[in-house]
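Asks: Next up is a structure, given as structure tokens.
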There are 2 protein chains.
Amino acid sequence: MYRSHRNGELRLTDANKEVTLCGWVQKSRDLGGMTFVDLRDRYGITQLVFNTETNEELCKQARSLGREYVIQISGIVKERSSKNANIPTGDIEIEITKLDILNESKTPPFTIEDKTDGGDELRMKYRYLDLRRNPVKENLILRHKIGLATRNFMNNLEFLEIETPFLIKSTPEGARDFVVPSRMNGGQFYALPQSPQTFKQLLMVSGYDRYFQIVKCFRDEDLRADRQPEFTQIDCEMAFVEQEDILQTFEGLIKNLFAEVLKVELPEVERMTYADAMKNYGSDKPDIRFGMKFNYITELVKGKDFKIFDEAEDIIAITVKGGNSLTRKQIDKITDYVKTPQVGAKGLIYCRVNEDGSYKSSVDKFYNQEELAKWVDTCNAKPGDLIMVLSGDTTKVQSQMNDLRLHMGDMMELRDGKVFAPLWVLDFPLLEWDEDSERFHAMHHPFTSPKKEDFELLNTNPGAVRANAYDLVINGVEIGGGSIRIHDKEVQSRMFDLLGFTKEEAETQFGFLMNAFEYGAPPHGGIAFGFDRICSIFGGSESIRDYIAFPKNNSGRDVMIDAPANVDEAQLEELGLKFKNMNIS
Amino acid sequence: MYRSHRNGELRLTDANKEVTLCGWVQKSRDLGGMTFVDLRDRYGITQLVFNTETNEELCKQARSLGREYVIQISGIVKERSSKNANIPTGDIEIEITKLDILNESKTPPFTIEDKTDGGDELRMKYRYLDLRRNPVKENLILRHKIGLATRNFMNNLEFLEIETPFLIKSTPEGARDFVVPSRMNGGQFYALPQSPQTFKQLLMVSGYDRYFQIVKCFRDEDLRADRQPEFTQIDCEMAFVEQEDILQTFEGLIKNLFAEVLKVELPEVERMTYADAMKNYGSDKPDIRFGMKFNYITELVKGKDFKIFDEAEDIIAITVKGGNSLTRKQIDKITDYVKTPQVGAKGLIYCRVNEDGSYKSSVDKFYNQEELAKWVDTCNAKPGDLIMVLSGDTTKVQSQMNDLRLHMGDMMELRDGKVFAPLWVLDFPLLEWDEDSERFHAMHHPFTSPKKEDFELLNTNPGAVRANAYDLVINGVEIGGGSIRIHDKEVQSRMFDLLGFTKEEAETQFGFLMNAFEYGAPPHGGIAFGFDRICSIFGGSESIRDYIAFPKNNSGRDVMIDAPANVDEAQLEELGLKFKNMNIS
């Protein structure tokens, strides 16, 4: 036993107790006759006091302590003369009788404070020091809590957590696999799973009608911001269910997590079709914490000699409540924003709705007050509001307006991190056309079932077929998605046809699953949540990296351990491998 | 909603309810006017009855059902005329009003029964069908329960579950790593972790003083029986602790698991030094459910002209209680067993202790009754017992006697699967001498701390240094092991010297950990349990494979999905890899 208490627990009621504490030296102040040391551990901070008059030797020792030294002390709990209301132990301090240095520390390359002076790269290299900081620690504690609450919730619903294998088989569909050369099976490779999809479907065939797993998955993608080559999923599947059963079960999970971990009562989960989401928000994951729904004013504004509108496929307007308070300069800046390459609009048209009932638009040349009144009416704008208009090809302008809407939501402070607006997006298209390969791809994956009422369309207009597929979106972030799977051989075979698989290709890649389906596959469906993403939403952060103990950087490197790295020639030899371009190796 | 109830839940109190059930056809009996179908799901079996008189069409349909068809039925719960006391639903049956076939099934390649007619290989290939069988299902449910109980216990002790990365760096120490070529970092490899050892030590440096994780680990070893290339660990680490703290904490875990999952109160965990374990049981993981401790009769039996004993370094005897009941034929068979290559003894000597107080030994030529009386006395044998003796080089004869002791334990039915005898084995040697490389290896790993009282020996007799290392053994099976780690730079550097590391090698392989240790490493230690192994001990089975949903065979293959497999040329191209021997590829 190195300690009798932790650094967060002593109170005034402990006064005069003799205690032993351990921890790191957070800071030390030398006030002449007295030396004060803040001792830190995972649980909090306790103030230590060394007095020259009572023990000069000890005081001298205390002055030699550097930041982040690991020490063990014994002493008596005393009431402080000047209390610190900011920390739970602020009423007491420890009068030290014994000090042992358990380990020294070099001066850390950045300060171990809530706001640190360390840059991103430095903190990644010394991740083990960054992990000492309170905000990072709180994130990992949050993650632990969400994981455990998930498991207990699922267990209460009789879901079984079943581990699926990591060394599996590569399939060319979907994203790129990480592969693992097999030494015992020379010339062959395992693949690391992108998800346990096929295994959880096999478990349904096996009769485990409620499965879940919190599990690492792997994707060898070029890393966009905030993607990690390894990430964690809450993976779930149920048998003998329809879409509604899944929606209700997992609404339950998410509501429970919010209640248990954040003490937040989540509002009813709204529902919206994919078609409506695209039409009204230009996104399949709309942030519905705020309005600014799209108004299509196309018919209203055409034929007034304004060429830009006349040539556009669609003209979309949003109403920014109270937006008339924006200055010309601010609107110019917003215009610059929509013209950036990542948004890609040609320009921004606006109409102020003045308090006196008059309108002032950026296209007054083409539209008189009467005409603008129709805009205002359609957009349900009120005095003090601002109407913003973009135009162009429908899909493009929808996407641009989505960007603008979110931008204005931020600007008008309508995206409060403490407000949570959950939403099911339903009826995703089954297929999407890929221009490059000139064929359909499965939007979700090849096992997603088409809606029964759209079966006919499979032959006449496959692109219009809707799937029994759903995403759960919170605050504009997709935190999970899934589908009801195909369990009928005929439908599955038709699906492979549509996706351009030959019988042989389907057999090689998914033969074991197709075979399993010959032996009594129940109707089933499921969902997978991005666990890192859920943690970041709960923590109110944009970045999943903050919720991963040892993340990789944007090149997929762990700069702390310096991985990936070269391996021994001998090891490659054993695997029968060599590099094509010897310059690389 | 496909069903109103599950197949395990209906009782007599539900009589006359209208219900809808789903499941698989377990079996069907056609009794002329009536057809009975046993409907199975994860939760149990319900008997369905189809009556020709009331609905001929339905009955005809029922007769067409094959084994493992997936069906949905509606009907009325009725009291059975002939009840089945063996199943919880045995008092009722369902009088069917509606039958839907949800999916057909080919005839399974083996019977889906508790005792199946399927061989090992066939069941591996059709694992998804094997998983339908009750015993396999019970194993996976047990695994789920142990995992959840572990997590809740650890959480209650404020341990945090923190995920460590899977794509890490290869280290040549220890077993062989699986490696993962990096596409984005051409020519370099990640390695899959053999354990999160270094990361959990980093977490201690980071101040997370109570960490655990249930996590997959990977070892590319030639697979002995019951080893898997991927396996699961309960990995734990604590800071500011001494060995005693660890022992008590994890005794608590194991006791809690037994109590919660098996409703078994585990006895006090006994403790034994490694030296005593080797001396008294010839094993570092003795099964202490039964006695038969070793008696060293070396001094007693030498110098009586019996050459075999005279030339032996040690002569060891065990007493088999009631063993005098063994026939000559049985003893001959045991002699054959000790002479098998895997045991390797030259022969077996025995001495019967007759009920009349006389002795009958296989070496009566050399030892008279008086001399045998001394054996009997030393071995504390009583009338009706049998003394068995092996001789030879000390370490060899210890190992052989360990085999014989376990063999006799089985034979005398002293190894009851329902009895659990837990044991801490303590004070393992720090180092072991490797004849091949003519240097010391770390017995546990290079971060294990030597016992303080043996520090001196590091210079004079390193092989005799004991470590702060411990294993938890239940019924002769090692279920976990760990150590107090080195947190002192000087000691660590001395350790690397002893292991024959140059400064550069230590730096390349463990530099990041050594660096971390410069910034305030607390005293710490931990333990890792084999999760698969714990499950098999709890389930009373010898094989971990029975507790893994999708195990690999002894060549590391998943024969169900046929992995590992060849990958696309294009994929190798992207990785810049090719095979050395084109015949392989």
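FYI, nothing fancy with the structure tokens labels: chains A, B, ... in order, residues from 1 per chain, ligands from 1 as they appear.
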Based on only C-alpha atoms, which of the residues in chain A come within 6 Å of chain B? I want them as a compact mmCIF listing (two decimals) with all heavy atoms, in the first residue's frame.

Replies:
# COMPACT_ATOMS: atom_id res chain seq x y z
N MET A 1 0.84 -1.20 0.00
CA MET A 1 0.00 0.00 0.00
C MET A 1 0.87 1.25 0.00
O MET A 1 1.53 1.55 1.00
CB MET A 1 -0.91 0.00 1.23
CG MET A 1 -2.20 -0.77 1.04
SD MET A 1 -3.24 -0.08 -0.26
CE MET A 1 -4.77 -0.98 0.06
N TYR A 2 0.87 1.95 -1.10
CA TYR A 2 1.67 3.16 -1.20
C TYR A 2 0.92 4.37 -0.64
O TYR A 2 1.51 5.41 -0.45
CB TYR A 2 2.02 3.44 -2.66
CG TYR A 2 3.29 2.79 -3.13
CD1 TYR A 2 3.29 1.48 -3.60
CD2 TYR A 2 4.50 3.49 -3.11
CE1 TYR A 2 4.46 0.89 -4.06
CE2 TYR A 2 5.67 2.91 -3.56
CZ TYR A 2 5.65 1.61 -4.03
OH TYR A 2 6.80 1.03 -4.48
N ARG A 42 -5.02 10.98 -10.58
CA ARG A 42 -6.20 10.90 -11.43
C ARG A 42 -7.43 11.48 -10.76
O ARG A 42 -8.37 11.92 -11.43
CB ARG A 42 -6.43 9.42 -11.75
CG ARG A 42 -7.61 9.10 -12.60
CD ARG A 42 -7.76 7.59 -12.74
NE ARG A 42 -9.14 7.18 -12.61
CZ ARG A 42 -9.55 5.93 -12.41
NH1 ARG A 42 -8.66 4.97 -12.30
NH2 ARG A 42 -10.83 5.66 -12.32
N GLU A 68 6.23 17.37 -12.14
CA GLU A 68 6.00 15.98 -12.56
C GLU A 68 6.88 14.95 -11.85
O GLU A 68 6.90 13.79 -12.25
CB GLU A 68 6.11 15.84 -14.08
CG GLU A 68 5.14 16.73 -14.86
CD GLU A 68 3.66 16.52 -14.48
OE1 GLU A 68 3.27 15.36 -14.31
OE2 GLU A 68 2.93 17.52 -14.32
N TYR A 69 7.60 15.36 -10.82
CA TYR A 69 8.24 14.36 -9.95
C TYR A 69 7.14 13.50 -9.33
O TYR A 69 6.05 14.01 -9.03
CB TYR A 69 9.02 15.04 -8.82
CG TYR A 69 10.45 15.40 -9.16
CD1 TYR A 69 10.77 16.00 -10.39
CD2 TYR A 69 11.49 15.16 -8.26
CE1 TYR A 69 12.07 16.34 -10.69
CE2 TYR A 69 12.80 15.50 -8.56
CZ TYR A 69 13.09 16.08 -9.78
OH TYR A 69 14.38 16.42 -10.07
N VAL A 70 7.43 12.21 -9.14
CA VAL A 70 6.48 11.33 -8.48
C VAL A 70 6.92 11.20 -7.02
O VAL A 70 8.06 10.79 -6.76
CB VAL A 70 6.45 9.94 -9.13
CG1 VAL A 70 5.33 9.10 -8.51
CG2 VAL A 70 6.26 10.05 -10.63
N ASN A 103 10.12 8.88 -8.03
CA ASN A 103 10.79 8.98 -9.32
C ASN A 103 10.93 10.45 -9.70
O ASN A 103 10.05 11.25 -9.42
CB ASN A 103 9.99 8.24 -10.41
CG ASN A 103 10.89 7.34 -11.25
OD1 ASN A 103 12.07 7.61 -11.41
ND2 ASN A 103 10.31 6.28 -11.78
N GLU A 104 12.05 10.76 -10.35
CA GLU A 104 12.25 12.12 -10.82
C GLU A 104 11.61 12.29 -12.20
O GLU A 104 11.16 11.33 -12.81
CB GLU A 104 13.74 12.42 -10.89
CG GLU A 104 14.40 12.29 -9.53
CD GLU A 104 15.88 12.63 -9.58
OE1 GLU A 104 16.41 12.82 -10.70
OE2 GLU A 104 16.49 12.72 -8.50
N SER A 105 11.58 13.52 -12.67
CA SER A 105 11.06 13.77 -14.02
C SER A 105 11.90 14.85 -14.68
O SER A 105 12.28 15.83 -14.04
CB SER A 105 9.60 14.22 -13.96
OG SER A 105 9.17 14.64 -15.25
N LYS A 106 12.18 14.64 -15.94
CA LYS A 106 12.72 15.74 -16.74
C LYS A 106 11.61 16.78 -16.87
O LYS A 106 10.43 16.48 -16.68
CB LYS A 106 13.13 15.25 -18.13
CG LYS A 106 14.30 14.30 -18.11
CD LYS A 106 15.07 14.32 -19.43
CE LYS A 106 14.35 13.50 -20.50
NZ LYS A 106 15.22 13.20 -21.65
N TYR A 128 1.76 10.26 -23.89
CA TYR A 128 1.65 9.81 -22.50
C TYR A 128 1.65 10.98 -21.52
O TYR A 128 1.15 10.84 -20.40
CB TYR A 128 2.76 8.81 -22.14
CG TYR A 128 4.14 9.20 -22.59
CD1 TYR A 128 4.95 10.01 -21.81
CD2 TYR A 128 4.65 8.74 -23.80
CE1 TYR A 128 6.22 10.37 -22.23
CE2 TYR A 128 5.92 9.08 -24.22
CZ TYR A 128 6.71 9.90 -23.44
OH TYR A 128 7.96 10.26 -23.86
N LEU A 129 2.20 12.13 -21.92
CA LEU A 129 2.12 13.32 -21.07
C LEU A 129 0.83 14.08 -21.32
O LEU A 129 0.20 14.59 -20.39
CB LEU A 129 3.33 14.23 -21.32
CG LEU A 129 4.69 13.63 -20.95
CD1 LEU A 129 5.82 14.62 -21.23
CD2 LEU A 129 4.71 13.22 -19.48
N LEU A 131 -1.90 12.79 -22.05
CA LEU A 131 -2.96 12.02 -21.37
C LEU A 131 -3.08 12.40 -19.90
O LEU A 131 -4.06 12.06 -19.25
CB LEU A 131 -2.67 10.52 -21.49
CG LEU A 131 -2.93 9.88 -22.86
CD1 LEU A 131 -2.36 8.47 -22.90
CD2 LEU A 131 -4.41 9.84 -23.17
N ARG A 132 -2.04 13.09 -19.35
CA ARG A 132 -2.12 13.53 -17.95
C ARG A 132 -3.04 14.73 -17.78
O ARG A 132 -3.47 15.02 -16.68
CB ARG A 132 -0.73 13.91 -17.43
CG ARG A 132 0.16 12.73 -17.16
CD ARG A 132 1.47 13.16 -16.51
NE ARG A 132 2.37 12.03 -16.40
CZ ARG A 132 3.67 12.11 -16.13
NH1 ARG A 132 4.23 13.31 -15.96
NH2 ARG A 132 4.40 11.04 -16.05
N HIS A 144 -15.10 5.38 -21.32
CA HIS A 144 -15.27 4.19 -20.47
C HIS A 144 -16.73 4.07 -20.02
O HIS A 144 -17.33 2.99 -20.07
CB HIS A 144 -14.35 4.30 -19.26
CG HIS A 144 -14.72 3.40 -18.12
ND1 HIS A 144 -14.42 2.05 -18.12
CD2 HIS A 144 -15.39 3.63 -16.97
CE1 HIS A 144 -14.90 1.50 -17.01
NE2 HIS A 144 -15.48 2.44 -16.29
N GLU A 161 -22.99 -10.28 -26.15
CA GLU A 161 -21.77 -9.78 -26.80
C GLU A 161 -20.95 -10.97 -27.25
O GLU A 161 -20.53 -11.80 -26.44
CB GLU A 161 -20.95 -8.88 -25.87
CG GLU A 161 -19.74 -8.29 -26.60
CD GLU A 161 -19.13 -7.06 -25.96
OE1 GLU A 161 -19.27 -6.88 -24.74
OE2 GLU A 161 -18.54 -6.25 -26.68
N ILE A 168 -9.49 -12.28 -40.91
CA ILE A 168 -10.52 -12.83 -41.79
C ILE A 168 -10.05 -12.79 -43.24
O ILE A 168 -8.87 -12.91 -43.51
CB ILE A 168 -11.87 -12.12 -41.57
CG1 ILE A 168 -11.80 -10.64 -41.94
CG2 ILE A 168 -12.31 -12.27 -40.11
CD1 ILE A 168 -13.16 -9.97 -42.06
N LYS A 169 -10.98 -12.59 -44.15
CA LYS A 169 -10.68 -12.75 -45.56
C LYS A 169 -10.94 -11.43 -46.28
O LYS A 169 -11.92 -10.76 -45.98
CB LYS A 169 -11.62 -13.83 -46.11
CG LYS A 169 -11.33 -14.31 -47.50
CD LYS A 169 -12.26 -15.47 -47.80
CE LYS A 169 -12.26 -15.88 -49.26
NZ LYS A 169 -13.06 -17.09 -49.44
N VAL A 180 -2.82 -9.09 -43.84
CA VAL A 180 -1.83 -9.66 -42.92
C VAL A 180 -1.27 -10.92 -43.56
O VAL A 180 -2.00 -11.90 -43.69
CB VAL A 180 -2.49 -10.03 -41.57
CG1 VAL A 180 -1.45 -10.58 -40.59
CG2 VAL A 180 -3.22 -8.83 -40.97
N GLY A 187 2.11 -17.36 -49.00
CA GLY A 187 1.51 -16.75 -50.18
C GLY A 187 0.10 -16.26 -49.95
O GLY A 187 -0.49 -15.63 -50.82
N GLN A 188 -0.45 -16.54 -48.79
CA GLN A 188 -1.83 -16.11 -48.53
C GLN A 188 -1.89 -15.03 -47.45
O GLN A 188 -0.94 -14.84 -46.69
CB GLN A 188 -2.67 -17.32 -48.11
CG GLN A 188 -2.74 -18.37 -49.22
CD GLN A 188 -3.80 -19.41 -48.95
OE1 GLN A 188 -3.96 -19.87 -47.83
NE2 GLN A 188 -4.53 -19.79 -49.99
N PHE A 189 -3.00 -14.33 -47.45
CA PHE A 189 -3.17 -13.21 -46.53
C PHE A 189 -4.49 -13.34 -45.77
O PHE A 189 -5.49 -13.79 -46.32
CB PHE A 189 -3.24 -11.89 -47.31
CG PHE A 189 -1.93 -11.45 -47.90
CD1 PHE A 189 -1.45 -12.02 -49.08
CD2 PHE A 189 -1.16 -10.47 -47.27
CE1 PHE A 189 -0.23 -11.61 -49.61
CE2 PHE A 189 0.04 -10.06 -47.81
CZ PHE A 189 0.51 -10.63 -48.99
N TYR A 190 -4.46 -12.89 -44.53
CA TYR A 190 -5.69 -12.56 -43.83
C TYR A 190 -6.01 -11.10 -44.17
O TYR A 190 -5.17 -10.36 -44.66
CB TYR A 190 -5.52 -12.65 -42.31
CG TYR A 190 -5.10 -13.98 -41.77
CD1 TYR A 190 -3.77 -14.22 -41.41
CD2 TYR A 190 -6.02 -15.00 -41.55
CE1 TYR A 190 -3.37 -15.43 -40.87
CE2 TYR A 190 -5.63 -16.21 -41.01
CZ TYR A 190 -4.30 -16.42 -40.68
OH TYR A 190 -3.91 -17.62 -40.13
N SER A 206 -27.30 -18.55 -37.18
CA SER A 206 -27.06 -19.50 -36.09
C SER A 206 -28.08 -19.40 -34.97
O SER A 206 -28.03 -20.18 -34.02
CB SER A 206 -25.67 -19.28 -35.49
OG SER A 206 -24.67 -19.43 -36.47
N GLY A 207 -28.97 -18.41 -35.05
CA GLY A 207 -30.04 -18.34 -34.05
C GLY A 207 -29.78 -17.43 -32.86
O GLY A 207 -30.58 -17.39 -31.93
N PHE A 240 -35.72 -11.85 -36.63
CA PHE A 240 -37.19 -11.80 -36.49
C PHE A 240 -37.68 -10.39 -36.18
O PHE A 240 -38.51 -10.18 -35.31
CB PHE A 240 -37.66 -12.79 -35.41
CG PHE A 240 -37.26 -14.22 -35.70
CD1 PHE A 240 -36.41 -14.91 -34.85
CD2 PHE A 240 -37.72 -14.86 -36.84
CE1 PHE A 240 -36.03 -16.22 -35.12
CE2 PHE A 240 -37.34 -16.18 -37.13
CZ PHE A 240 -36.49 -16.84 -36.26
N VAL A 241 -37.08 -9.42 -36.87
CA VAL A 241 -37.48 -8.03 -36.64
C VAL A 241 -37.78 -7.33 -37.96
O VAL A 241 -37.30 -7.73 -39.02
CB VAL A 241 -36.35 -7.22 -35.95
CG1 VAL A 241 -36.19 -7.65 -34.51
CG2 VAL A 241 -35.05 -7.32 -36.72
N PHE A 512 -19.46 -18.28 -48.49
CA PHE A 512 -19.76 -18.88 -47.18
C PHE A 512 -21.06 -18.30 -46.62
O PHE A 512 -21.84 -19.00 -45.98
CB PHE A 512 -18.60 -18.69 -46.20
CG PHE A 512 -18.26 -17.26 -45.89
CD1 PHE A 512 -18.77 -16.66 -44.75
CD2 PHE A 512 -17.44 -16.53 -46.72
CE1 PHE A 512 -18.46 -15.34 -44.45
CE2 PHE A 512 -17.12 -15.21 -46.42
CZ PHE A 512 -17.64 -14.62 -45.30
N GLU A 518 -28.56 -20.98 -47.17
CA GLU A 518 -29.30 -22.15 -47.66
C GLU A 518 -29.86 -22.99 -46.52
O GLU A 518 -30.64 -23.91 -46.73
CB GLU A 518 -28.37 -23.06 -48.49
CG GLU A 518 -27.68 -22.38 -49.65
CD GLU A 518 -28.48 -22.50 -50.94
OE1 GLU A 518 -29.58 -23.08 -50.88
OE2 GLU A 518 -28.00 -22.02 -51.97
N TYR A 519 -29.40 -22.70 -45.29
CA TYR A 519 -29.76 -23.57 -44.17
C TYR A 519 -30.69 -22.89 -43.17
O TYR A 519 -30.52 -23.00 -41.97
CB TYR A 519 -28.50 -24.07 -43.47
CG TYR A 519 -27.71 -25.04 -44.31
CD1 TYR A 519 -26.62 -24.61 -45.06
CD2 TYR A 519 -28.09 -26.38 -44.39
CE1 TYR A 519 -25.90 -25.50 -45.86
CE2 TYR A 519 -27.38 -27.28 -45.17
CZ TYR A 519 -26.29 -26.83 -45.90
OH TYR A 519 -25.60 -27.72 -46.68
N GLY A 520 -31.65 -22.12 -43.68
CA GLY A 520 -32.62 -21.55 -42.75
C GLY A 520 -32.18 -20.22 -42.18
O GLY A 520 -31.85 -20.13 -41.00
N ILE A 561 5.14 5.99 -30.85
CA ILE A 561 5.93 4.75 -30.90
C ILE A 561 6.67 4.64 -32.23
O ILE A 561 7.44 3.72 -32.44
CB ILE A 561 5.06 3.49 -30.69
CG1 ILE A 561 4.02 3.32 -31.81
CG2 ILE A 561 4.34 3.55 -29.35
CD1 ILE A 561 3.32 1.97 -31.76
N ALA A 563 5.40 4.15 -35.44
CA ALA A 563 4.90 3.04 -36.24
C ALA A 563 4.04 3.60 -37.37
O ALA A 563 3.41 4.64 -37.18
CB ALA A 563 4.06 2.09 -35.38
N PRO A 564 3.96 2.94 -38.54
CA PRO A 564 4.66 1.70 -38.88
C PRO A 564 6.17 1.91 -38.98
O PRO A 564 6.65 3.04 -39.02
CB PRO A 564 4.06 1.34 -40.24
CG PRO A 564 3.63 2.64 -40.82
CD PRO A 564 3.15 3.44 -39.65
N ALA A 565 6.91 0.80 -39.04
CA ALA A 565 8.36 0.86 -39.09
C ALA A 565 8.88 -0.27 -39.96
O ALA A 565 8.12 -1.14 -40.39
CB ALA A 565 8.92 0.72 -37.67
N ASN A 566 10.18 -0.22 -40.26
CA ASN A 566 10.78 -1.32 -41.00
C ASN A 566 10.79 -2.58 -40.15
O ASN A 566 10.84 -2.50 -38.92
CB ASN A 566 12.21 -0.97 -41.39
CG ASN A 566 12.26 0.23 -42.33
OD1 ASN A 566 11.37 0.41 -43.15
ND2 ASN A 566 13.27 1.05 -42.17
N GLY A 576 8.15 -14.96 -46.96
CA GLY A 576 8.33 -15.13 -48.40
C GLY A 576 8.06 -13.87 -49.18
O GLY A 576 7.72 -13.90 -50.36
N LEU A 577 8.23 -12.71 -48.53
CA LEU A 577 7.89 -11.43 -49.17
C LEU A 577 9.13 -10.62 -49.49
O LEU A 577 10.14 -10.71 -48.81
CB LEU A 577 7.01 -10.60 -48.23
CG LEU A 577 5.55 -11.02 -48.08
CD1 LEU A 577 4.89 -10.17 -47.03
CD2 LEU A 577 4.81 -10.88 -49.41
N LYS A 578 9.03 -9.83 -50.53
CA LYS A 578 10.01 -8.76 -50.68
C LYS A 578 9.36 -7.55 -51.33
O LYS A 578 8.24 -7.64 -51.85
CB LYS A 578 11.22 -9.23 -51.48
CG LYS A 578 10.94 -9.57 -52.92
CD LYS A 578 12.27 -9.92 -53.60
CE LYS A 578 12.05 -10.26 -55.06
NZ LYS A 578 13.33 -10.66 -55.69
N PHE A 579 10.05 -6.44 -51.29
CA PHE A 579 9.51 -5.23 -51.87
C PHE A 579 9.86 -5.16 -53.34
O PHE A 579 10.96 -5.49 -53.74
CB PHE A 579 10.02 -4.00 -51.13
CG PHE A 579 9.33 -3.81 -49.84
CD1 PHE A 579 9.95 -4.15 -48.65
CD2 PHE A 579 8.03 -3.35 -49.82
CE1 PHE A 579 9.29 -4.01 -47.46
CE2 PHE A 579 7.36 -3.20 -48.62
CZ PHE A 579 8.00 -3.54 -47.45
N LYS A 580 8.90 -4.69 -54.14
CA LYS A 580 9.11 -4.61 -55.58
C LYS A 580 10.20 -3.63 -55.89
O LYS A 580 11.13 -3.88 -56.64
CB LYS A 580 7.82 -4.18 -56.26
CG LYS A 580 6.87 -5.34 -56.41
CD LYS A 580 6.06 -5.20 -57.66
CE LYS A 580 5.59 -6.56 -58.13
NZ LYS A 580 4.20 -6.60 -58.55
N ILE A 584 12.36 1.62 -52.07
CA ILE A 584 11.42 1.84 -50.97
C ILE A 584 11.93 1.14 -49.71
O ILE A 584 12.08 1.73 -48.66
CB ILE A 584 10.02 1.27 -51.30
CG1 ILE A 584 9.45 1.99 -52.52
CG2 ILE A 584 9.09 1.44 -50.12
CD1 ILE A 584 8.10 1.46 -52.95
N SER A 585 12.24 -0.14 -49.89
CA SER A 585 12.66 -0.93 -48.72
C SER A 585 14.00 -0.42 -48.23
O SER A 585 14.25 -0.35 -47.05
CB SER A 585 12.72 -2.40 -49.11
OG SER A 585 13.83 -3.04 -48.54

Asks: Excluding same-chain residues fewer than 5 positions from segment 309-311 of chain B, what lies within 8 Å of it counting only C-alpha atoms, as JSON, numbers by chain?

Replies: {"B": [298, 301, 302, 303, 304, 391, 392]}

Asks: Dump N, CA, C and O atoms for the selected residues as an mmCIF file, in the first residue's frame?

Replies:
data_model
loop_
_atom_site.group_PDB
_atom_site.id
_atom_site.type_symbol
_atom_site.label_atom_id
_atom_site.label_comp_id
_atom_site.auth_asym_id
_atom_site.auth_seq_id
_atom_site.Cartn_x
_atom_site.Cartn_y
_atom_site.Cartn_z
ATOM 1 N N THR B 298 15.595 -40.001 -1.932
ATOM 2 C CA THR B 298 16.930 -40.200 -2.496
ATOM 3 C C THR B 298 17.907 -40.798 -1.474
ATOM 4 O O THR B 298 18.527 -41.846 -1.725
ATOM 5 N N VAL B 301 17.188 -44.513 -0.293
ATOM 6 C CA VAL B 301 17.218 -45.696 -1.174
ATOM 7 C C VAL B 301 18.571 -45.928 -1.832
ATOM 8 O O VAL B 301 18.772 -46.965 -2.468
ATOM 9 N N LYS B 302 19.466 -44.977 -1.687
ATOM 10 C CA LYS B 302 20.774 -45.167 -2.329
ATOM 11 C C LYS B 302 21.636 -46.142 -1.538
ATOM 12 O O LYS B 302 21.440 -46.340 -0.344
ATOM 13 N N GLY B 303 22.600 -46.738 -2.238
ATOM 14 C CA GLY B 303 23.571 -47.599 -1.575
ATOM 15 C C GLY B 303 23.059 -48.985 -1.234
ATOM 16 O O GLY B 303 23.553 -49.646 -0.331
ATOM 17 N N LYS B 304 22.009 -49.413 -1.945
ATOM 18 C CA LYS B 304 21.494 -50.772 -1.715
ATOM 19 C C LYS B 304 21.705 -51.625 -2.958
ATOM 20 O O LYS B 304 20.936 -52.533 -3.254
ATOM 21 N N SER B 391 12.862 -42.038 -10.936
ATOM 22 C CA SER B 391 14.198 -41.579 -10.586
ATOM 23 C C SER B 391 14.893 -41.021 -11.825
ATOM 24 O O SER B 391 14.509 -41.319 -12.950
ATOM 25 N N GLY B 392 15.903 -40.200 -11.581
ATOM 26 C CA GLY B 392 16.679 -39.642 -12.689
ATOM 27 C C GLY B 392 17.229 -38.276 -12.349
ATOM 28 O O GLY B 392 17.339 -37.921 -11.168
#

Asks: Hey, which bits of segment 346-445 of chain A sit within 8 Å of segment 281-286 of chain A, and for each residue what's the closest pair of atoms and how far apart in Å (one decimal), counting only C-alpha atoms, rows by chain and increasing number, as JSON lines?

Replies:
{"residue": "A:Thr395", "atom": "CA", "partner": "A:Gly282", "partner_atom": "CA", "distance": 7.8}
{"residue": "A:Gln398", "atom": "CA", "partner": "A:Gly282", "partner_atom": "CA", "distance": 4.4}
{"residue": "A:Ser399", "atom": "CA", "partner": "A:Gly282", "partner_atom": "CA", "distance": 5.2}
{"residue": "A:Gln400", "atom": "CA", "partner": "A:Gly282", "partner_atom": "CA", "distance": 7.9}
{"residue": "A:Met401", "atom": "CA", "partner": "A:Gly282", "partner_atom": "CA", "distance": 6.7}
{"residue": "A:Asn402", "atom": "CA", "partner": "A:Gly282", "partner_atom": "CA", "distance": 5.1}
{"residue": "A:Val425", "atom": "CA", "partner": "A:Asp284", "partner_atom": "CA", "distance": 7.0}
